[in-house]
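Presented below is the structure to which this report refers.
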Amino acid sequence: MKSFYAEGFRPLETKILDVLNNFKTGGILIGPGSRNVVKIFDINGERFNFKSFKQHNVVNRHVYKYYRKSKAKRSFEYAQLLLSKGFQTPEPVAYIENFDFWGVTSSYYISRQLEDSPTLMEVIVNHSFPEREKIIRQYAQLMFRLHEQGFEFLDNAPGNFIIKNEDNVYEFYMVDLNRMSFHGEMNLDKRLNNFARLTSDSEVIGIISDEYAKQAGSSADYCFNKITHAINGMVRKRKMKKILKFYKFLLPRR
């Protein structure tokens, strides 16, 4: 086993390991748990978010032991990097990896749990959400600041932004951080392609395009067309994956 704790959290090691020993049967499950499993556990009167990453096939297990950082380690390190650059994410606590001879057998990322906070998804789907346009515009400003730093958040989906109203300013706490890319600089088209996973709601795309164009000194129409094109491409890609899975299911097994 390999573990790393953020400053100040090492005293929780014994209790965190106790949680992991009872991970399958304890805690409060968040989401379907069909791929990665996310649960909330109480430790010393505080709530912590434990994310267990899906078991990999044999090849990937080997890769994540010897050639690439595990998803848990990347989540932890990217969280620390974002915080150091002035962005928000739930406070990282630790990551833990288990191995056998061949590779990684399981890995966990632990962070503080944010309570009673909506996600950007709730804002997008609820057209009567208070200050909805303001929140969407502040999200676009956040994305511009990330792109200015060369940060490409590959899982830029609305469910991965937790929103807290702090002194009438909306802070966006990013989660599901293991997929990020870093660039010396990002041209406008690459930046706009980063919205491909966001939403097909044309009203929301319009607000984001208008605000991002203001920040970037570009045309709102250009931003709208590029974001829409990226989203449509992602929709086609997902449909194709479903079709391929369907035909794979129909093929006779040898």
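Residues in the structure tokens are named by chain (A, B, ... in the order shown) and by number from 1 within that chain; ligands are numbered from 1 in the order shown.
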Taking the DSSP secondary structure from the backbone, can you list the residues of stretch 122-153 of chain A that are alpha helix (DSSP H), as a PDB file with N, CA and C atoms, in the first residue's frame?
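Okay, part_31.pdb is ready:
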ATOM      1  N   GLU A 122     -27.697  21.771 -11.709  1.00  0.00           N
ATOM      2  CA  GLU A 122     -28.978  22.229 -11.165  1.00  0.00           C
ATOM      3  C   GLU A 122     -29.320  23.630 -11.658  1.00  0.00           C
ATOM      4  N   VAL A 123     -28.324  24.465 -11.795  1.00  0.00           N
ATOM      5  CA  VAL A 123     -28.543  25.833 -12.287  1.00  0.00           C
ATOM      6  C   VAL A 123     -28.985  25.807 -13.751  1.00  0.00           C
ATOM      7  N   ILE A 124     -28.331  24.961 -14.540  1.00  0.00           N
ATOM      8  CA  ILE A 124     -28.616  24.916 -15.973  1.00  0.00           C
ATOM      9  C   ILE A 124     -30.025  24.386 -16.247  1.00  0.00           C
ATOM     10  N   VAL A 125     -30.417  23.326 -15.565  1.00  0.00           N
ATOM     11  CA  VAL A 125     -31.710  22.703 -15.881  1.00  0.00           C
ATOM     12  C   VAL A 125     -32.891  23.442 -15.259  1.00  0.00           C
ATOM     13  N   ARG A 132     -29.666  32.958 -11.974  1.00  0.00           N
ATOM     14  CA  ARG A 132     -29.163  31.928 -12.891  1.00  0.00           C
ATOM     15  C   ARG A 132     -28.166  32.493 -13.897  1.00  0.00           C
ATOM     16  N   GLU A 133     -28.517  33.590 -14.563  1.00  0.00           N
ATOM     17  CA  GLU A 133     -27.608  34.137 -15.574  1.00  0.00           C
ATOM     18  C   GLU A 133     -26.301  34.619 -14.942  1.00  0.00           C
ATOM     19  N   LYS A 134     -26.386  35.225 -13.773  1.00  0.00           N
ATOM     20  CA  LYS A 134     -25.171  35.688 -13.093  1.00  0.00           C
ATOM     21  C   LYS A 134     -24.235  34.520 -12.804  1.00  0.00           C
ATOM     22  N   ILE A 135     -24.790  33.414 -12.352  1.00  0.00           N
ATOM     23  CA  ILE A 135     -23.979  32.235 -12.033  1.00  0.00           C
ATOM     24  C   ILE A 135     -23.323  31.689 -13.294  1.00  0.00           C
ATOM     25  N   ILE A 136     -24.095  31.607 -14.380  1.00  0.00           N
ATOM     26  CA  ILE A 136     -23.548  31.076 -15.630  1.00  0.00           C
ATOM     27  C   ILE A 136     -22.431  31.984 -16.152  1.00  0.00           C
ATOM     28  N   ARG A 137     -22.607  33.295 -16.017  1.00  0.00           N
ATOM     29  CA  ARG A 137     -21.571  34.220 -16.461  1.00  0.00           C
ATOM     30  C   ARG A 137     -20.312  34.083 -15.591  1.00  0.00           C
ATOM     31  N   GLN A 138     -20.496  33.899 -14.302  1.00  0.00           N
ATOM     32  CA  GLN A 138     -19.324  33.735 -13.435  1.00  0.00           C
ATOM     33  C   GLN A 138     -18.616  32.411 -13.717  1.00  0.00           C
ATOM     34  N   TYR A 139     -19.387  31.398 -14.123  1.00  0.00           N
ATOM     35  CA  TYR A 139     -18.760  30.147 -14.566  1.00  0.00           C
ATOM     36  C   TYR A 139     -17.895  30.395 -15.804  1.00  0.00           C
ATOM     37  N   ALA A 140     -18.417  31.163 -16.769  1.00  0.00           N
ATOM     38  CA  ALA A 140     -17.642  31.466 -17.980  1.00  0.00           C
ATOM     39  C   ALA A 140     -16.368  32.233 -17.632  1.00  0.00           C
ATOM     40  N   GLN A 141     -16.449  33.137 -16.660  1.00  0.00           N
ATOM     41  CA  GLN A 141     -15.270  33.868 -16.204  1.00  0.00           C
ATOM     42  C   GLN A 141     -14.241  32.927 -15.587  1.00  0.00           C
ATOM     43  N   LEU A 142     -14.740  31.951 -14.812  1.00  0.00           N
ATOM     44  CA  LEU A 142     -13.843  30.952 -14.225  1.00  0.00           C
ATOM     45  C   LEU A 142     -13.117  30.177 -15.316  1.00  0.00           C
ATOM     46  N   MET A 143     -13.850  29.734 -16.328  1.00  0.00           N
ATOM     47  CA  MET A 143     -13.225  28.978 -17.397  1.00  0.00           C
ATOM     48  C   MET A 143     -12.178  29.812 -18.128  1.00  0.00           C
ATOM     49  N   PHE A 144     -12.463  31.085 -18.323  1.00  0.00           N
ATOM     50  CA  PHE A 144     -11.475  31.954 -18.971  1.00  0.00           C
ATOM     51  C   PHE A 144     -10.205  32.032 -18.128  1.00  0.00           C
ATOM     52  N   ARG A 145     -10.353  32.175 -16.804  1.00  0.00           N
ATOM     53  CA  ARG A 145      -9.174  32.241 -15.930  1.00  0.00           C
ATOM     54  C   ARG A 145      -8.384  30.935 -15.957  1.00  0.00           C
ATOM     55  N   LEU A 146      -9.088  29.809 -15.986  1.00  0.00           N
ATOM     56  CA  LEU A 146      -8.397  28.522 -16.100  1.00  0.00           C
ATOM     57  C   LEU A 146      -7.610  28.439 -17.402  1.00  0.00           C
ATOM     58  N   HIS A 147      -8.258  28.827 -18.495  1.00  0.00           N
ATOM     59  CA  HIS A 147      -7.601  28.762 -19.799  1.00  0.00           C
ATOM     60  C   HIS A 147      -6.416  29.714 -19.886  1.00  0.00           C
ATOM     61  N   GLU A 148      -6.530  30.865 -19.249  1.00  0.00           N
ATOM     62  CA  GLU A 148      -5.407  31.811 -19.232  1.00  0.00           C
ATOM     63  C   GLU A 148      -4.186  31.199 -18.543  1.00  0.00           C
TER      64      GLU A 148
END
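Neighbours of stretch 167-184 of chain A closer than or equal to 7 Å, with only C-alpha atoms counted and sequence neighbours fewer than 6 positions away skipped, come out as Lys71, Arg74, Ser75, Tyr78, Gln88, Thr89, Pro90, Ile135, Gly150, Phe151, Glu152, Phe153, Leu154, Asp155, Asn160 and Phe161 of chain A.
Of the residues listed (A:Lys214, A:Arg197, A:Lys65, A:Lys2), A:Lys2 shows the shortest atom-to-atom separation from A:Ile96; distances use only C-alpha atoms.
Between atom CA of A:Gly27 and atom CA of A:Arg68 the interatomic distance comes to 29.7 Å.
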Per DSSP on the backbone, what are the strand (DSSP E) residues of stretch 94-157 of chain A, as a short mmCIF file (atom, residue, chain, number, x, y, z; two decimals) with N, CA and C atoms, in the first residue's frame?
data_model
loop_
_atom_site.label_atom_id
_atom_site.label_comp_id
_atom_site.auth_asym_id
_atom_site.auth_seq_id
_atom_site.Cartn_x
_atom_site.Cartn_y
_atom_site.Cartn_z
N ALA A 94 -6.13 13.03 1.26
CA ALA A 94 -5.16 11.96 1.04
C ALA A 94 -5.48 11.20 -0.23
N TYR A 95 -4.49 10.43 -0.70
CA TYR A 95 -4.76 9.41 -1.70
C TYR A 95 -4.09 8.12 -1.24
N ILE A 96 -4.70 7.01 -1.59
CA ILE A 96 -4.20 5.71 -1.15
C ILE A 96 -4.26 4.75 -2.34
N GLU A 97 -3.17 4.00 -2.53
CA GLU A 97 -3.10 3.03 -3.62
C GLU A 97 -2.72 1.67 -3.06
N ASN A 98 -3.35 0.63 -3.58
CA ASN A 98 -3.01 -0.74 -3.22
C ASN A 98 -2.50 -1.47 -4.45
N PHE A 99 -1.51 -2.33 -4.27
CA PHE A 99 -0.85 -2.99 -5.39
C PHE A 99 -0.73 -4.49 -5.14
N VAL A 104 -1.80 -1.90 -9.98
CA VAL A 104 -2.71 -1.29 -9.02
C VAL A 104 -3.96 -2.16 -8.89
N THR A 105 -4.35 -2.47 -7.65
CA THR A 105 -5.56 -3.25 -7.42
C THR A 105 -6.73 -2.35 -6.99
N SER A 106 -6.43 -1.25 -6.32
CA SER A 106 -7.48 -0.29 -5.93
C SER A 106 -6.81 1.04 -5.59
N SER A 107 -7.58 2.11 -5.73
CA SER A 107 -7.05 3.43 -5.36
C SER A 107 -8.20 4.31 -4.89
N TYR A 108 -7.88 5.21 -3.95
CA TYR A 108 -8.88 6.06 -3.31
C TYR A 108 -8.37 7.49 -3.23
N TYR A 109 -9.29 8.42 -3.47
CA TYR A 109 -9.00 9.84 -3.24
C TYR A 109 -9.97 10.34 -2.18
N ILE A 110 -9.43 11.03 -1.17
CA ILE A 110 -10.23 11.48 -0.04
C ILE A 110 -10.14 13.00 0.06
N SER A 111 -11.30 13.64 0.23
CA SER A 111 -11.35 15.10 0.37
C SER A 111 -12.44 15.44 1.38
N ARG A 112 -12.45 16.70 1.80
CA ARG A 112 -13.54 17.15 2.66
C ARG A 112 -14.83 17.18 1.85
N PHE A 151 -4.82 25.72 -18.14
CA PHE A 151 -5.46 24.55 -17.55
C PHE A 151 -6.66 24.14 -18.42
N GLU A 152 -6.65 22.91 -18.87
CA GLU A 152 -7.78 22.36 -19.63
C GLU A 152 -8.44 21.27 -18.77
N PHE A 153 -9.59 21.59 -18.24
CA PHE A 153 -10.35 20.66 -17.40
C PHE A 153 -11.15 19.76 -18.34
#
Might you pull out every residue within 12 Å of A:Thr14, with only C-alpha atoms counted and same-chain residues fewer than 5 positions away left off, and present them as a VMD selection string? chain A and resid 3 5 9 19 to 21 43 to 44
Take the residues that were just selected and, keeping N, CA and C atoms, output them as a short mmCIF file (atom, residue, chain, number, x, y, z; two decimals), in the first residue's frame.
data_model
loop_
_atom_site.label_atom_id
_atom_site.label_comp_id
_atom_site.auth_asym_id
_atom_site.auth_seq_id
_atom_site.Cartn_x
_atom_site.Cartn_y
_atom_site.Cartn_z
N SER A 3 0.44 5.51 0.52
CA SER A 3 -0.50 6.57 0.90
C SER A 3 0.24 7.88 1.05
N TYR A 5 -0.67 11.91 2.65
CA TYR A 5 -1.65 12.75 3.34
C TYR A 5 -1.26 14.22 3.22
N PHE A 9 -3.38 16.18 8.09
CA PHE A 9 -4.34 15.07 8.08
C PHE A 9 -3.72 13.71 8.43
N VAL A 19 -11.97 3.05 7.73
CA VAL A 19 -13.05 3.30 6.76
C VAL A 19 -12.86 2.44 5.52
N LEU A 20 -11.64 2.38 5.01
CA LEU A 20 -11.39 1.62 3.78
C LEU A 20 -11.63 0.12 3.99
N ASN A 21 -11.35 -0.36 5.20
CA ASN A 21 -11.61 -1.78 5.50
C ASN A 21 -13.10 -2.10 5.49
N ILE A 43 -15.83 11.18 10.25
CA ILE A 43 -14.63 10.91 11.05
C ILE A 43 -14.44 12.07 12.02
N ASN A 44 -14.43 11.75 13.30
CA ASN A 44 -14.25 12.78 14.34
C ASN A 44 -15.23 13.94 14.19
#
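Atom CA of A:His229 is found 12.2 Å from atom CA of A:Lys190.
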Among listed residues A:Thr199, A:Asn194, A:Asn22, A:Ser218, nearest A:Phe41 (using only C-alpha atoms): A:Asn22
Hey, what's within 12 Å of A:Val235 if we count only C-alpha atoms and toss same-chain stuff fewer than 3 positions away? As number ranges by chain, please? A: 196-200, 228-232, 238-242
Store the residues picked out above, limited to N, CA, C and O atoms, as a CSV table (one decimal), in the first residue's frame.
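Output file out-v3.csv follows:
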chain,number,residue,atom,x,y,z
A,196,ALA,N,-17.3,21.2,-24.7
A,196,ALA,CA,-18.0,20.2,-25.5
A,196,ALA,C,-18.9,19.4,-24.6
A,196,ALA,O,-20.0,18.9,-25.1
A,197,ARG,N,-18.6,19.2,-23.3
A,197,ARG,CA,-19.4,18.3,-22.5
A,197,ARG,C,-20.4,19.1,-21.6
A,197,ARG,O,-21.1,18.5,-20.8
A,198,LEU,N,-20.6,20.3,-21.9
A,198,LEU,CA,-21.3,21.2,-21.0
A,198,LEU,C,-22.9,21.0,-21.1
A,198,LEU,O,-23.5,20.4,-20.2
A,199,THR,N,-23.5,21.4,-22.2
A,199,THR,CA,-24.9,21.3,-22.3
A,199,THR,C,-25.3,21.6,-23.8
A,199,THR,O,-24.5,22.3,-24.5
A,200,SER,N,-26.5,21.2,-24.2
A,200,SER,CA,-27.0,21.5,-25.5
A,200,SER,C,-28.0,22.6,-25.4
A,200,SER,O,-28.6,22.9,-26.4
A,228,THR,N,-21.0,25.3,-30.0
A,228,THR,CA,-22.1,24.5,-30.5
A,228,THR,C,-21.6,23.4,-31.4
A,228,THR,O,-22.0,22.2,-31.3
A,229,HIS,N,-20.6,23.7,-32.2
A,229,HIS,CA,-19.9,22.7,-33.1
A,229,HIS,C,-19.3,21.6,-32.2
A,229,HIS,O,-19.4,20.4,-32.5
A,230,ALA,N,-18.6,22.0,-31.1
A,230,ALA,CA,-17.9,21.1,-30.2
A,230,ALA,C,-18.9,20.2,-29.5
A,230,ALA,O,-18.7,19.0,-29.4
A,231,ILE,N,-20.0,20.8,-29.1
A,231,ILE,CA,-21.0,20.0,-28.4
A,231,ILE,C,-21.7,19.0,-29.3
A,231,ILE,O,-21.9,17.8,-29.0
A,232,ASN,N,-22.0,19.4,-30.5
A,232,ASN,CA,-22.6,18.5,-31.5
A,232,ASN,C,-21.7,17.3,-31.8
A,232,ASN,O,-22.1,16.2,-32.0
A,238,ARG,N,-20.9,10.2,-28.7
A,238,ARG,CA,-21.5,9.4,-27.7
A,238,ARG,C,-22.5,8.4,-28.4
A,238,ARG,O,-22.7,7.3,-28.0
A,239,LYS,N,-23.3,8.9,-29.4
A,239,LYS,CA,-24.2,8.1,-30.1
A,239,LYS,C,-23.5,6.9,-30.8
A,239,LYS,O,-24.0,5.8,-30.8
A,240,MET,N,-22.3,7.2,-31.4
A,240,MET,CA,-21.6,6.2,-32.1
A,240,MET,C,-21.1,5.1,-31.1
A,240,MET,O,-21.1,3.9,-31.4
A,241,LYS,N,-20.7,5.5,-29.9
A,241,LYS,CA,-20.2,4.6,-28.9
A,241,LYS,C,-21.3,3.7,-28.5
A,241,LYS,O,-21.2,2.4,-28.3
A,242,LYS,N,-22.6,4.2,-28.4
A,242,LYS,CA,-23.7,3.4,-28.0
A,242,LYS,C,-24.0,2.4,-29.1
A,242,LYS,O,-24.4,1.2,-28.8
I'd like the contact shell of A:Ala213 - 10 Å cut-off, only C-alpha atoms, skipping same-chain residues fewer than 5 positions apart - returned as a list in words. Ala140, Phe144, Leu188, Ile207, Ile208, Ser218, Ser219, Ala220, Asp221, Tyr222, Cys223 and Phe224 of chain A
Students should find that atom CA of A:Asp189 and atom CA of A:Gly206 are spaced 16.4 Å
